[in-house]
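my_file36.csv follows; it contains CSV, C-alpha atoms.
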chain,number,residue,atom,x,y,z
Q,542,PRO,CA,18.8,-14.5,-27.3
Q,543,LEU,CA,15.8,-14.3,-24.9
Q,544,PRO,CA,13.7,-17.5,-24.9
Q,545,ARG,CA,10.7,-17.1,-27.2
Q,546,SER,CA,8.5,-18.8,-24.6
Q,547,LEU,CA,9.0,-16.1,-22.0
Q,548,LEU,CA,5.6,-14.7,-21.1
Q,549,LEU,CA,4.8,-11.6,-19.0
Q,550,LYS,CA,1.6,-11.6,-17.0
Q,551,GLY,CA,-1.1,-9.8,-18.8
Q,552,LEU,CA,0.4,-10.2,-22.3
Q,553,SER,CA,-1.3,-12.2,-24.9
Q,554,LYS,CA,1.8,-13.2,-26.8
Q,555,PRO,CA,5.5,-14.1,-26.0
Q,556,LEU,CA,7.9,-11.3,-25.4
Q,557,SER,CA,9.6,-10.7,-28.8
Q,558,THR,CA,13.3,-10.0,-29.3
Q,559,GLY,CA,12.2,-7.7,-32.1
Q,560,THR,CA,13.6,-9.5,-35.2
Q,561,GLY,CA,12.9,-13.1,-34.8
Q,562,THR,CA,16.6,-13.9,-35.5
Q,563,GLY,CA,17.8,-13.5,-31.9
Q,564,ARG,CA,19.2,-10.0,-32.5
Q,565,LEU,CA,17.5,-7.6,-30.1
Q,566,LYS,CA,15.8,-4.5,-31.5
Q,567,VAL,CA,17.5,-1.2,-30.7
Q,568,VAL,CA,14.9,1.5,-30.0
Q,569,ALA,CA,16.3,5.0,-30.2
Q,570,ASP,CA,13.2,6.9,-31.3
Q,571,ALA,CA,10.7,8.2,-28.7
Q,572,LYS,CA,7.7,7.5,-31.0
Q,573,GLU,CA,8.9,3.9,-31.6
Q,574,PHE,CA,9.5,3.5,-27.9
Q,575,GLU,CA,5.9,4.5,-27.2
Q,576,GLU,CA,4.5,2.2,-29.8
Q,577,GLU,CA,6.5,-0.8,-28.6
Q,578,ALA,CA,5.6,0.0,-24.9
Q,579,LYS,CA,2.0,0.2,-25.8
Q,580,LYS,CA,2.0,-3.3,-27.4
Q,581,ARG,CA,3.3,-4.8,-24.2
Q,582,LEU,CA,1.1,-3.0,-21.7
Q,583,PRO,CA,-0.8,-5.5,-19.4
Q,584,GLU,CA,-4.5,-4.9,-19.8
Q,585,GLY,CA,-4.9,-4.0,-16.1
Q,586,ILE,CA,-2.4,-1.2,-16.4
Q,587,ALA,CA,-3.8,0.1,-19.7
Q,588,SER,CA,-7.3,0.3,-18.3
Q,589,GLY,CA,-6.8,0.8,-14.6
Q,590,VAL,CA,-4.0,3.4,-14.3
Q,591,ARG,CA,-5.4,6.9,-14.8
Q,592,ALA,CA,-2.5,9.3,-14.2
Q,593,MET,CA,1.0,9.6,-13.0
Q,594,TYR,CA,3.2,12.4,-11.7
Q,595,SER,CA,6.9,12.2,-12.4
Q,596,SER,CA,9.6,14.5,-11.1
Q,597,ALA,CA,11.6,13.2,-14.1
Q,598,VAL,CA,9.4,15.3,-16.4
Q,599,GLY,CA,8.1,17.7,-13.8
Q,600,GLY,CA,4.5,17.1,-14.6
Q,601,ILE,CA,1.6,14.7,-14.9
Q,602,VAL,CA,1.6,11.9,-17.4
Q,603,THR,CA,-1.7,10.4,-18.8
Q,604,ASN,CA,-0.3,8.1,-21.4
Q,605,SER,CA,0.3,4.8,-19.6
Q,606,SER,CA,2.9,3.8,-22.2
Q,607,LEU,CA,5.1,6.6,-21.0
Q,608,MET,CA,4.7,5.9,-17.2
Q,609,GLY,CA,8.0,4.8,-15.8
Q,610,VAL,CA,10.9,5.5,-13.4
Q,611,PRO,CA,14.4,6.3,-14.7
Q,612,LEU,CA,16.9,3.5,-14.2
Q,613,ASP,CA,19.4,5.8,-12.5
Q,614,ASP,CA,16.9,6.7,-9.8
Q,615,HIS,CA,18.2,5.2,-6.5
Q,616,GLY,CA,14.6,4.3,-5.6
Q,617,PHE,CA,14.7,1.8,-8.5
Q,618,HIS,CA,18.2,0.4,-8.5
Q,619,ARG,CA,19.0,0.5,-4.8
Q,620,GLY,CA,15.4,0.5,-3.3
Q,621,HIS,CA,16.3,3.7,-1.6
Q,622,ALA,CA,12.8,5.1,-1.4
Q,623,VAL,CA,9.7,5.4,0.8
Q,624,PHE,CA,6.1,5.5,-0.1
Q,625,ASP,CA,2.6,6.0,1.1
Q,626,THR,CA,-1.0,6.0,-0.1
Q,627,CYS,CA,-4.4,7.8,-0.1
Q,628,ASN,CA,-8.0,6.9,-0.9
Q,629,VAL,CA,-10.3,8.9,-3.2
Q,630,ILE,CA,-13.9,8.6,-1.9
Q,631,ASN,CA,-16.9,10.7,-3.0
Q,632,GLY,CA,-14.7,13.0,-5.0
Q,633,LYS,CA,-12.5,13.8,-2.0
Q,634,ALA,CA,-9.0,12.8,-0.9
Q,635,TYR,CA,-9.3,10.9,2.5
Q,636,GLY,CA,-6.6,11.1,5.1
Q,637,LEU,CA,-4.0,12.8,2.9
Q,638,ASP,CA,-2.3,14.9,5.6
Q,639,MET,CA,-1.7,11.9,7.9
Q,640,HIS,CA,-0.3,9.9,5.1
Q,641,ILE,CA,2.1,12.6,3.9
Q,642,ASP,CA,3.2,13.1,7.5
Q,643,ARG,CA,4.0,9.3,7.6
Q,644,LEU,CA,5.8,9.6,4.3
Q,645,LEU,CA,8.0,12.4,5.6
Q,646,SER,CA,8.7,10.5,8.8
Q,647,SER,CA,9.7,7.4,6.7
Q,648,ALA,CA,11.9,9.6,4.6
Q,649,LYS,CA,13.7,10.9,7.7
Q,650,LEU,CA,14.4,7.3,8.8
Q,651,ALA,CA,15.6,6.5,5.3
Q,652,ARG,CA,18.0,9.5,5.3
Q,653,ILE,CA,16.3,10.9,2.2
Q,654,PRO,CA,16.8,14.7,2.2
Q,655,VAL,CA,13.4,15.8,0.9
Q,656,THR,CA,13.6,18.9,-1.4
Q,657,GLN,CA,9.8,19.3,-1.7
Q,658,SER,CA,7.7,20.9,1.1
Q,659,LYS,CA,4.7,19.1,2.5
Q,660,ALA,CA,2.5,21.7,0.8
Q,661,GLU,CA,4.2,21.1,-2.5
Q,662,LEU,CA,3.8,17.3,-2.2
Q,663,LYS,CA,0.1,17.7,-1.3
Q,664,ALA,CA,-0.6,20.1,-4.2
Q,665,ILE,CA,1.1,17.6,-6.7
Q,666,LEU,CA,-0.9,14.8,-5.4
Q,667,LEU,CA,-4.3,16.6,-5.5
Q,668,ALA,CA,-3.5,17.8,-9.1
Q,669,THR,CA,-2.7,14.2,-10.1
Q,670,MET,CA,-5.9,13.0,-8.6
Q,671,ALA,CA,-7.8,15.8,-10.4
Q,672,THR,CA,-6.2,14.8,-13.7
Q,673,ALA,CA,-7.1,11.2,-13.2
Q,674,GLY,CA,-10.7,12.2,-13.0
Q,675,ALA,CA,-11.8,9.3,-10.8
Q,676,ARG,CA,-14.2,10.4,-8.0
Q,677,GLU,CA,-14.9,6.9,-6.5
Q,678,ASN,CA,-12.9,3.8,-5.7
Q,679,ALA,CA,-9.5,5.2,-6.7
Q,680,PHE,CA,-6.3,4.6,-4.9
Q,681,VAL,CA,-3.2,6.8,-4.9
Q,682,ARG,CA,0.4,5.6,-4.4
Q,683,TYR,CA,3.4,7.9,-4.2
Q,684,TRP,CA,7.1,7.5,-3.7
Q,685,LEU,CA,9.9,9.7,-2.4
Q,686,THR,CA,13.3,8.6,-3.6
Q,687,ALA,CA,16.9,9.5,-2.7
Q,688,GLY,CA,17.3,10.9,-6.3
Q,689,ARG,CA,18.9,10.1,-9.6
Q,690,GLY,CA,22.2,10.6,-11.4
Q,691,ASP,CA,24.3,7.5,-11.1
Q,692,PHE,CA,24.4,3.8,-10.0
Q,693,TYR,CA,26.5,4.2,-6.9
Q,694,ILE,CA,25.5,2.6,-3.6
Q,695,SER,CA,24.9,5.9,-1.7
Q,696,PRO,CA,23.1,8.9,-3.2
Q,697,LYS,CA,26.0,11.4,-2.5
Q,698,SER,CA,26.4,12.2,-6.1
Q,699,CYS,CA,22.7,12.5,-7.0
Q,700,VAL,CA,21.5,15.7,-8.7
Q,701,GLY,CA,18.2,17.5,-8.7
Q,702,GLY,CA,17.1,16.6,-5.2
Q,703,SER,CA,14.7,13.9,-4.1
Q,704,GLY,CA,12.6,12.1,-6.7
Q,705,PHE,CA,8.8,12.1,-6.4
Q,706,TYR,CA,6.4,9.8,-8.3
Q,707,ALA,CA,2.7,9.3,-7.9
Q,708,VAL,CA,0.1,7.1,-9.6
Q,709,VAL,CA,-3.7,7.1,-9.4
Q,710,HIS,CA,-5.3,3.7,-10.2
Q,711,ASP,CA,-8.6,1.9,-9.7
Q,712,SER,CA,-8.9,0.3,-6.3
Q,713,TRP,CA,-10.2,-3.1,-5.4
Q,714,GLU,CA,-13.4,-3.5,-3.5
Q,715,ARG,CA,-14.8,-6.5,-1.8
Q,716,GLU,CA,-18.0,-7.4,0.1
Q,717,GLU,CA,-17.6,-6.3,3.7
Q,718,GLU,CA,-19.4,-9.4,5.1
Q,719,ASP,CA,-17.2,-11.9,3.4
Q,720,PRO,CA,-14.6,-13.3,5.8
Q,721,VAL,CA,-11.2,-14.2,4.4
Q,722,LYS,CA,-8.9,-17.1,5.1
Q,723,GLU,CA,-5.5,-16.2,6.4
Q,724,ALA,CA,-2.3,-18.2,7.1
Q,725,ILE,CA,0.6,-18.0,9.6
Q,726,VAL,CA,3.8,-17.8,7.5
Q,727,SER,CA,7.4,-18.5,8.2
Q,728,THR,CA,8.8,-15.6,6.1
Q,729,PRO,CA,11.3,-13.8,8.4
Q,730,LEU,CA,10.4,-10.4,9.9
Q,731,LYS,CA,12.0,-7.2,8.7
Q,732,PRO,CA,14.6,-5.5,10.9
Q,733,THR,CA,12.9,-2.9,13.1
Q,734,LEU,CA,14.3,0.1,11.1
Q,735,LEU,CA,12.7,-1.2,7.9
Q,736,ALA,CA,9.6,-2.3,9.6
Q,737,ASN,CA,9.0,1.2,11.2
Q,738,MET,CA,9.3,3.0,7.9
Q,739,LYS,CA,7.1,2.5,4.8
Q,740,SER,CA,10.1,1.7,2.6
Q,741,ASN,CA,10.0,0.8,-1.1
Q,742,ASN,CA,11.5,-2.6,-0.2
Q,743,TYR,CA,8.5,-4.9,0.0
Q,744,MET,CA,10.3,-8.1,-0.8
Q,745,ILE,CA,9.5,-9.6,2.6
Q,746,ASN,CA,5.9,-8.4,2.3
Q,747,ALA,CA,5.6,-10.0,-1.2
Q,748,LEU,CA,7.2,-13.3,0.0
Q,749,SER,CA,4.9,-13.4,3.0
Q,750,ALA,CA,1.8,-12.9,0.8
Q,751,MET,CA,3.1,-15.5,-1.7
Q,752,GLU,CA,3.6,-18.1,1.1
Q,753,ALA,CA,0.1,-17.4,2.4
Q,754,GLU,CA,-1.4,-17.8,-1.1
Q,755,SER,CA,0.3,-21.1,-1.6
Q,756,VAL,CA,-1.8,-22.5,1.2
Q,757,GLY,CA,-5.0,-20.6,0.5
Q,758,GLY,CA,-4.4,-17.6,2.6
Q,759,LEU,CA,-4.6,-13.9,1.7
Q,760,PHE,CA,-1.7,-11.7,3.0
Q,761,GLY,CA,0.2,-13.9,5.5
Q,762,ILE,CA,0.5,-13.3,9.2
Q,763,GLN,CA,4.0,-13.0,10.7
Q,764,VAL,CA,4.9,-14.1,14.2
Q,765,ASP,CA,8.1,-13.2,16.2
Q,766,ALA,CA,10.4,-15.6,17.9
Q,767,GLU,CA,8.6,-15.3,21.2
Q,768,GLY,CA,5.3,-16.3,19.6
Q,769,TYR,CA,3.7,-12.8,19.4
Q,770,VAL,CA,1.7,-11.8,16.3
Q,771,GLN,CA,3.3,-8.9,14.4
Q,772,GLU,CA,1.5,-7.9,11.2
Q,773,ALA,CA,0.3,-9.2,7.8
Q,774,SER,CA,2.0,-8.2,4.5
Q,775,ILE,CA,-0.2,-5.2,4.0
Q,776,SER,CA,-2.4,-5.1,7.0
Q,777,CYS,CA,-2.3,-5.1,10.8
Q,778,ILE,CA,-4.1,-7.5,13.0
Q,779,ALA,CA,-6.7,-6.9,15.7
Q,780,ILE,CA,-8.5,-9.5,17.8
Q,781,VAL,CA,-11.5,-9.5,20.1
Q,782,GLU,CA,-11.0,-11.7,23.1
Q,783,ASP,CA,-13.5,-13.4,25.6
Q,784,ASP,CA,-13.2,-10.4,27.9
Q,785,GLY,CA,-14.7,-8.2,25.2
Q,786,ALA,CA,-11.5,-6.2,24.6
Q,787,LEU,CA,-10.1,-5.3,21.2
Q,788,ARG,CA,-6.4,-5.8,21.1
Q,789,THR,CA,-3.8,-5.0,18.4
Q,790,PRO,CA,0.0,-5.3,18.4
Q,791,LYS,CA,2.2,-2.3,19.5
Q,792,PHE,CA,4.0,-0.4,16.7
Q,793,ASP,CA,7.4,-1.1,18.3
Q,794,THR,CA,8.5,-3.6,15.5
Q,795,ILE,CA,5.9,-3.0,12.8
Q,796,LEU,CA,4.6,-0.2,10.6
Q,797,PRO,CA,2.7,2.5,12.4
Q,798,SER,CA,-0.6,1.9,10.6
Q,799,THR,CA,-2.8,4.9,9.9
Q,800,THR,CA,-5.8,2.5,9.8
Q,801,VAL,CA,-5.0,1.3,13.3
Q,802,LYS,CA,-4.5,4.8,14.5
Q,803,ARG,CA,-7.9,5.8,13.2
Q,804,THR,CA,-9.4,2.6,14.7
Q,805,LEU,CA,-7.9,3.4,18.1
Q,806,HIS,CA,-9.4,6.9,17.9
Q,807,LEU,CA,-12.8,6.0,16.5
Q,808,GLY,CA,-13.1,2.9,18.6
Q,809,GLU,CA,-13.4,4.9,21.8
Q,810,SER,CA,-17.1,5.3,20.9
Q,811,LEU,CA,-17.4,1.5,20.9
Q,812,VAL,CA,-16.1,1.4,24.5
Q,813,LYS,CA,-18.6,4.0,25.5
Q,814,SER,CA,-21.5,2.1,23.8
Q,815,GLY,CA,-20.4,-1.2,25.3
Q,816,VAL,CA,-19.6,-2.9,22.0
Q,817,VAL,CA,-16.1,-3.6,23.4
Q,818,THR,CA,-14.9,-3.3,26.9
Q,819,ASP,CA,-11.5,-1.8,26.1
Q,820,ILE,CA,-9.2,-1.1,23.2
Q,821,GLN,CA,-5.5,-1.9,23.7
Q,822,GLN,CA,-2.2,-1.9,21.9
Q,823,THR,CA,-0.3,-4.7,23.5
Q,824,ASP,CA,1.5,-8.0,22.9
Q,825,VAL,CA,-0.8,-10.4,21.2
Q,826,PRO,CA,0.2,-14.1,21.6
Q,827,LEU,CA,-0.6,-16.3,18.6
Q,828,GLU,CA,-2.5,-18.8,20.8
Q,829,ASN,CA,-4.9,-15.9,21.7
Q,830,VAL,CA,-5.5,-15.3,18.0
Q,831,TYR,CA,-6.7,-18.9,17.5
Q,832,LYS,CA,-9.1,-18.6,20.5
Q,833,ALA,CA,-10.4,-15.1,19.7
Q,834,LYS,CA,-14.0,-14.2,19.2
Q,835,GLU,CA,-13.1,-12.1,16.2
Q,836,VAL,CA,-9.9,-11.6,14.1
Q,837,ILE,CA,-9.8,-8.5,11.9
Q,838,LEU,CA,-7.4,-7.1,9.3
Q,839,LEU,CA,-6.8,-3.4,9.3
Q,840,GLY,CA,-5.1,-1.8,6.4
Q,841,GLY,CA,-5.6,0.7,3.6
Q,842,HIS,CA,-8.6,1.9,5.6
Q,843,HIS,CA,-10.2,-1.4,5.0
Q,844,VAL,CA,-11.7,-3.4,7.8
Q,845,VAL,CA,-11.7,-7.1,6.9
Q,846,PRO,CA,-13.1,-10.1,8.9
Q,847,VAL,CA,-11.0,-13.2,9.1
Q,848,GLY,CA,-13.0,-16.4,9.3
Q,849,GLN,CA,-10.2,-19.0,9.3
Q,850,ILE,CA,-6.4,-19.1,10.0
Q,851,ASN,CA,-4.7,-22.2,8.5
Q,852,ASP,CA,-7.0,-25.0,9.5
Q,853,THR,CA,-8.5,-23.3,12.5
Q,854,MET,CA,-12.0,-21.6,12.3
Q,855,ILE,CA,-12.2,-18.3,14.1
Q,856,ALA,CA,-15.4,-18.6,16.3
Q,857,ASP,CA,-18.2,-19.4,13.9
Q,858,GLY,CA,-16.2,-18.2,10.9
Q,859,LYS,CA,-18.5,-15.3,10.2
Q,860,ARG,CA,-18.1,-11.5,10.5
Q,861,GLY,CA,-18.6,-10.5,14.1
Q,862,PRO,CA,-20.3,-7.5,15.6
Q,863,VAL,CA,-17.1,-5.6,16.4
Q,864,CYS,CA,-15.8,-5.9,12.9
Q,865,LYS,CA,-19.2,-4.7,11.6
Q,866,ALA,CA,-19.2,-1.7,14.0
Q,867,LEU,CA,-15.6,-0.8,12.9
Q,868,GLN,CA,-16.6,-1.0,9.3
Q,869,GLN,CA,-19.4,1.5,9.9
Q,870,LEU,CA,-17.1,3.8,11.8
Q,871,GLN,CA,-14.6,3.7,9.0
Q,872,ARG,CA,-17.3,4.5,6.4
Q,873,GLY,CA,-18.4,7.4,8.5
Q,874,ASP,CA,-14.8,8.6,8.9
Q,875,MET,CA,-14.5,8.7,5.1
Q,876,ALA,CA,-17.2,11.4,5.1
Q,877,ASN,CA,-15.6,13.3,8.0
Q,878,PRO,CA,-14.8,16.9,6.7
Q,879,GLU,CA,-11.8,17.0,9.0
Q,880,MET,CA,-10.3,14.0,7.2
Q,881,LEU,CA,-11.0,15.2,3.6
Q,882,ASP,CA,-9.4,17.5,1.0
Q,883,ASP,CA,-11.0,18.9,-2.0
Q,884,ILE,CA,-9.6,17.7,-5.4
Q,885,PRO,CA,-9.4,20.5,-8.0
Q,886,PHE,CA,-11.2,18.6,-10.8
Q,887,ALA,CA,-12.4,21.7,-12.6
Q,888,GLU,CA,-8.9,23.1,-12.8
Q,889,TYR,CA,-7.6,20.0,-14.5
Q,890,ALA,CA,-10.7,19.1,-16.6
Q,891,SER,CA,-9.6,18.3,-20.2
Representation of the structure as structure tokens:
Amino acid sequence: PLPRSLLLKGLSKPLSTGTGTGRLKVVADAKEFEEEAKKRLPEGIASGVRAMYSSAVGGIVTNSSLMGVPLDDHGFHRGHAVFDTCNVINGKAYGLDMHIDRLLSSAKLARIPVTQSKAELKAILLATMATAGARENAFVRYWLTAGRGDFYISPKSCVGGSGFYAVVHDSWEREEEDPVKEAIVSTPLKPTLLANMKSNNYMINALSAMEAESVGGLFGIQVDAEGYVQEASISCIAIVEDDGALRTPKFDTILPSTTVKRTLHLGESLVKSGVVTDIQQTDVPLENVYKAKEVILLGGHHVVPVGQINDTMIADGKRGPVCKALQQLQRGDMANPEMLDDIPFAEYAS
């Protein structure tokens, strides 16, 4: 029998075996399953997850007790899946096209034969956002999987094409001025193939963040064998050096960040205005990070100042002028009509 003391995060009582005698409950009825699943929902999921699309049912699910992925989906039992994200701001979907493009690029690297077109994926995502109903501070995550049908190592016998799942949930917000503490971690880097795609396998990312958290850091910054900074678990790194240039690592061995791509584009105006002297994608030695005038995290279209790395204060430990300028540019980009898609709220109003 399962130990009675086993606790799941977010639950207010121990996980029950169902009978109290050690014999596990057998649930064969859909209604009973829903009732039991509802009892065990962590509060954050029950209140913060607004809608899910599932190719397993071919539609949008709004009952959080029924949100799940089939066990025979290769995205679950083999990790054979890729994913991407999107922000909902002011009732619009921000940057959806560039994120779907990266999703499809990742799927190609992962040898996932995508059976949905880009237009179909986009329509599904916008419909799910509309059903969720959130017009501000919502985040969208979506996964393409190799498909379902068995538990074999390769998906050669999968049926029904690629799986697609999406969820809309409340996003976290933080004060832009507040610098974070980061940590250099020893968690090994992903191989280049996995680093270049946004794969469903985030074990390394999770371990990196956990190692950072254990010493008071946030996401964890990884460094390669030659001493060059790579990326954090869910962010890229940028630094401002004494010569006034903004530098960030090349995408050769890390994820091609959409936030960095927008920063490189938007940041051209900072060169013209003299806020920075140049913007470069180049090798970034760790020693330069410690000596930098500013260190900035770029990810999820958030621009976050870093005030300390391990025991070293970055400059005066406060948000710098370049970070502030990039935050302003990012906010402006989230109102850029070229980067926005309408969400059909009226069509999916309950």
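Using all atoms listed in the file, the smallest distance between any of Q:Lys580, Q:Tyr594, Q:Lys722, Q:Lys731 and Ala664 in chain Q comes from Q:Tyr594.
The nearest approach to Gly688 in chain Q among the residues Q:Phe705, Q:Tyr769, Q:Trp713, Q:Tyr743, with all atoms listed in the file taken into account, belongs to Q:Phe705.
In terms of minimum interatomic distance to Asn829 in chain Q, Q:Gly768 ranks closest within Q:Gly768, Q:Gly702, Q:Pro654, Q:Gly589, counting all atoms listed in the file.
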**Request:** Determine, counting only C-alpha atoms, which protein, DNA and RNA residues have an atom within 6 Å of an atom of Asn737 in chain Q; residues of the same chain fewer than 3 positions away are not included. Present the result as a ChimeraX atom specification.
**Result:** /Q:733-734,795-796
Output file for the residues above (C-alpha atoms, as an mmCIF file, keeping the file's coordinate frame):
data_model
loop_
_atom_site.group_PDB
_atom_site.id
_atom_site.type_symbol
_atom_site.label_atom_id
_atom_site.label_comp_id
_atom_site.auth_asym_id
_atom_site.auth_seq_id
_atom_site.Cartn_x
_atom_site.Cartn_y
_atom_site.Cartn_z
ATOM 1 C CA THR Q 733 12.900 -2.900 13.100
ATOM 2 C CA LEU Q 734 14.300 0.100 11.100
ATOM 3 C CA ILE Q 795 5.900 -3.000 12.800
ATOM 4 C CA LEU Q 796 4.600 -0.200 10.600
#
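The shortest atom-to-atom distance to Thr800 in chain Q, with only C-alpha atoms taken into account, belongs to Q:His640 out of Q:Lys865, Q:Lys663, Q:Arg581, Q:His640.
Shortest separation to Ala753 in chain Q among Q:Cys777, Q:Ala668, Q:Val817, Q:Asn851 occurs at residue Q:Asn851, atoms counted being only C-alpha atoms.
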